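Chemist: The structure follows.
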Amino acid sequence: MSIIGNKYTYNDYICKENINKIVMKLTSLSDYVLEQEKIILDEIEYSGSTSEDYRSMVQFITLVTNYTKFLKQPLTLGMFMPVDEDGVVLKEPKKEDYTLEELEASYMGIDVLDYHEAKEKVIFEGWIHEDRYGWVQHHKLGLEINTETGTLAIFHENGIGYGYVKKAEDLVSYGLELTPSAIEAIGLKE
């Protein structure tokens, strides 16, 4: 049995003779994936191999762990709506909202750039903000979330249900769509 530092290698974990010696507590899939990432990357680094198999394994590990890390992110208002650096929701700039002096000073142009930059950071499609701090709504899915408290309201034909969400992973069962920029940031798009 080979040991890297104080850790067993991945092959030690899957070795049939050692399978009964491993003690593992029930853990979430995302925690398990992150733990396995460390084990496999340590083994790859220890062996010094640069074969195509190892490169494929590293690519797989990278994709899976990027997605896992994404799922573990705490929810923020900026995941649903474009926000500034202070977390204030930005509205799409419109020419009629500016005075002639502001237009001549290019304030609208700066605001448009800031808005589009913030919009690129939005992760989930289809949400709106209705001027209540921290609350976002997805009318098509019948969901409302307060990103400050984690309160989730689910609207359905029988009334309203409530829940609590802390991280992106808590929203998996609701079928939310990711934005193209989110897919790229996670590394799922080449």
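To be explicit about the labels: the chains of the structure tokens are called A, B, and onward in the order shown, and within each one the residues are counted from 1, while ligands get numbers from 1 in the order they are shown.
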For range 141-148 of chain A, list every protein, DNA or RNA residue within 10 Å, evaluated using only C-alpha atoms, and leave out those in the same chain fewer than 2 positions away; present the list as a PyMOL selection string.
Modeler: chain A and resi 74-80+126-129+132-139+150-157+160-167+174-176
Chemist: Take the residues from that selection and put them in a file with N, CA, C and O atoms, as a compact mmCIF listing (two decimals), in the first residue's frame.
Modeler:
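Below is the file result-v4.txt, written as the result:
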# COMPACT_ATOMS: atom_id res chain seq x y z
N PRO A 74 -22.35 30.28 -1.34
CA PRO A 74 -23.52 30.87 -0.67
C PRO A 74 -24.28 31.76 -1.66
O PRO A 74 -23.67 32.39 -2.52
N LEU A 75 -25.59 31.78 -1.53
CA LEU A 75 -26.41 32.59 -2.43
C LEU A 75 -26.23 34.07 -2.15
O LEU A 75 -26.16 34.49 -0.99
N THR A 76 -26.14 34.84 -3.21
CA THR A 76 -26.07 36.30 -3.11
C THR A 76 -27.04 36.90 -4.11
O THR A 76 -27.42 36.25 -5.09
N LEU A 77 -27.40 38.13 -3.88
CA LEU A 77 -28.31 38.83 -4.79
C LEU A 77 -27.71 38.91 -6.19
O LEU A 77 -28.41 38.79 -7.19
N GLY A 78 -26.39 39.07 -6.28
CA GLY A 78 -25.70 39.18 -7.56
C GLY A 78 -25.75 37.92 -8.40
O GLY A 78 -25.44 37.96 -9.59
N MET A 79 -26.14 36.79 -7.83
CA MET A 79 -26.31 35.55 -8.61
C MET A 79 -27.59 35.61 -9.45
O MET A 79 -27.71 34.89 -10.42
N PHE A 80 -28.52 36.46 -9.03
CA PHE A 80 -29.83 36.53 -9.67
C PHE A 80 -30.04 37.82 -10.47
O PHE A 80 -30.82 37.83 -11.41
N GLY A 126 -33.70 34.41 -15.65
CA GLY A 126 -35.14 34.59 -15.49
C GLY A 126 -35.64 35.21 -14.20
O GLY A 126 -36.83 35.12 -13.91
N TRP A 127 -34.79 35.82 -13.41
CA TRP A 127 -35.21 36.39 -12.14
C TRP A 127 -35.43 37.89 -12.26
O TRP A 127 -34.80 38.56 -13.05
N ILE A 128 -36.34 38.40 -11.44
CA ILE A 128 -36.59 39.83 -11.39
C ILE A 128 -36.51 40.30 -9.94
O ILE A 128 -36.64 39.50 -9.01
N HIS A 129 -36.30 41.59 -9.78
CA HIS A 129 -36.20 42.21 -8.46
C HIS A 129 -37.30 43.24 -8.36
O HIS A 129 -37.44 44.07 -9.24
N ARG A 132 -37.79 45.11 -3.13
CA ARG A 132 -37.76 44.70 -1.73
C ARG A 132 -36.37 44.15 -1.50
O ARG A 132 -35.95 43.22 -2.17
N TYR A 133 -35.65 44.69 -0.55
CA TYR A 133 -34.23 44.38 -0.38
C TYR A 133 -34.00 42.87 -0.24
O TYR A 133 -34.54 42.21 0.62
N GLY A 134 -33.16 42.35 -1.14
CA GLY A 134 -32.76 40.96 -1.08
C GLY A 134 -33.70 39.97 -1.72
O GLY A 134 -33.35 38.81 -1.90
N TRP A 135 -34.91 40.38 -2.06
CA TRP A 135 -35.90 39.45 -2.62
C TRP A 135 -35.82 39.44 -4.15
O TRP A 135 -35.76 40.48 -4.79
N VAL A 136 -35.82 38.24 -4.71
CA VAL A 136 -35.89 38.06 -6.16
C VAL A 136 -37.01 37.07 -6.45
O VAL A 136 -37.32 36.21 -5.63
N GLN A 137 -37.62 37.22 -7.63
CA GLN A 137 -38.74 36.36 -8.00
C GLN A 137 -38.50 35.73 -9.37
O GLN A 137 -37.90 36.36 -10.25
N HIS A 138 -38.98 34.51 -9.51
CA HIS A 138 -39.00 33.83 -10.80
C HIS A 138 -40.45 33.40 -11.00
O HIS A 138 -40.88 32.36 -10.50
N HIS A 139 -41.21 34.24 -11.69
CA HIS A 139 -42.65 34.02 -11.82
C HIS A 139 -42.98 32.72 -12.55
O HIS A 139 -43.92 32.02 -12.16
N GLY A 150 -32.20 33.74 3.31
CA GLY A 150 -32.28 32.37 2.82
C GLY A 150 -33.71 31.85 2.74
O GLY A 150 -33.93 30.67 2.47
N THR A 151 -34.70 32.71 2.97
CA THR A 151 -36.10 32.29 2.91
C THR A 151 -36.49 32.01 1.47
O THR A 151 -36.22 32.79 0.57
N LEU A 152 -37.13 30.87 1.26
CA LEU A 152 -37.63 30.47 -0.05
C LEU A 152 -39.14 30.34 0.03
O LEU A 152 -39.66 29.67 0.91
N ALA A 153 -39.85 31.03 -0.86
CA ALA A 153 -41.30 30.89 -0.95
C ALA A 153 -41.61 30.20 -2.27
O ALA A 153 -41.09 30.59 -3.32
N ILE A 154 -42.44 29.16 -2.19
CA ILE A 154 -42.82 28.39 -3.37
C ILE A 154 -44.33 28.57 -3.56
O ILE A 154 -45.13 28.19 -2.71
N PHE A 155 -44.69 29.18 -4.68
CA PHE A 155 -46.10 29.45 -4.97
C PHE A 155 -46.65 28.34 -5.86
O PHE A 155 -46.07 28.02 -6.89
N HIS A 156 -47.76 27.74 -5.45
CA HIS A 156 -48.40 26.68 -6.24
C HIS A 156 -49.90 26.77 -6.08
O HIS A 156 -50.41 27.60 -5.32
N GLU A 157 -50.62 25.91 -6.78
CA GLU A 157 -52.09 26.01 -6.79
C GLU A 157 -52.71 25.80 -5.42
O GLU A 157 -53.83 26.24 -5.15
N ILE A 160 -48.97 28.63 -0.63
CA ILE A 160 -47.55 28.97 -0.57
C ILE A 160 -46.84 28.01 0.37
O ILE A 160 -47.31 27.73 1.47
N GLY A 161 -45.70 27.52 -0.08
CA GLY A 161 -44.83 26.72 0.78
C GLY A 161 -43.58 27.50 1.07
O GLY A 161 -43.18 28.36 0.29
N TYR A 162 -42.97 27.23 2.20
CA TYR A 162 -41.76 27.95 2.57
C TYR A 162 -40.63 26.97 2.82
O TYR A 162 -40.84 25.83 3.22
N GLY A 163 -39.43 27.44 2.60
CA GLY A 163 -38.24 26.64 2.85
C GLY A 163 -37.08 27.56 3.16
O GLY A 163 -37.24 28.77 3.31
N TYR A 164 -35.90 26.95 3.22
CA TYR A 164 -34.69 27.71 3.53
C TYR A 164 -33.59 27.25 2.58
O TYR A 164 -33.39 26.05 2.40
N VAL A 165 -32.91 28.18 1.96
CA VAL A 165 -31.80 27.87 1.05
C VAL A 165 -30.60 28.71 1.44
O VAL A 165 -30.73 29.89 1.76
N LYS A 166 -29.42 28.08 1.43
CA LYS A 166 -28.19 28.78 1.79
C LYS A 166 -27.21 28.86 0.63
O LYS A 166 -26.46 29.81 0.53
N LYS A 167 -27.19 27.83 -0.20
CA LYS A 167 -26.19 27.77 -1.26
C LYS A 167 -26.84 27.32 -2.56
O LYS A 167 -27.98 26.86 -2.57
N TYR A 174 -35.16 22.70 -8.31
CA TYR A 174 -36.11 23.63 -8.93
C TYR A 174 -35.86 23.86 -10.41
O TYR A 174 -36.58 24.61 -11.05
N GLY A 175 -34.86 23.21 -10.98
CA GLY A 175 -34.62 23.28 -12.42
C GLY A 175 -34.25 24.66 -12.93
O GLY A 175 -34.67 25.06 -14.02
N LEU A 176 -33.46 25.40 -12.18
CA LEU A 176 -33.04 26.73 -12.61
C LEU A 176 -32.09 26.64 -13.80
O LEU A 176 -31.28 25.72 -13.88
Chemist: As number ranges by chain, please: every residue in chain A that a backbone DSSP assignment puts in alpha helix (DSSP H).
Modeler: A: 10-14, 29-47, 52-71, 100-104, 107-119, 180-186
Chemist: Could you check which of A:Lys121, A:Ala105, A:Arg55, A:Asn158 is closest to Asp84 in chain A, using only C-alpha atoms?
Modeler: A:Lys121
Chemist: Enumerate, as a ChimeraX atom specification, the complete set of residues in range 86-169 of chain A that a backbone-based DSSP assignment places in strand (DSSP E).
Modeler: /A:128-129,135-138,143-146,151-156,159-164
Chemist: Considering only C-alpha atoms, return as a list of chain:residue names whatever protein or nucleic-acid residues lie within 9 Å of range 88-95 of chain A, sequence-local ones (same chain, fewer than 2 positions apart) excluded.
Modeler: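 Returned residues: A:Leu77, A:Gly78, A:Met81, A:Pro82, A:Val83, A:Asp84, A:Glu85, A:Asp86, A:Asp97, A:Tyr98, A:Thr99, A:Leu103, A:Met108, A:Gly109, A:Asp111, A:Val112, A:Asp114, A:Tyr115, A:His116, A:Ala118, A:Lys119, A:His129, A:Asp131, A:Tyr133.
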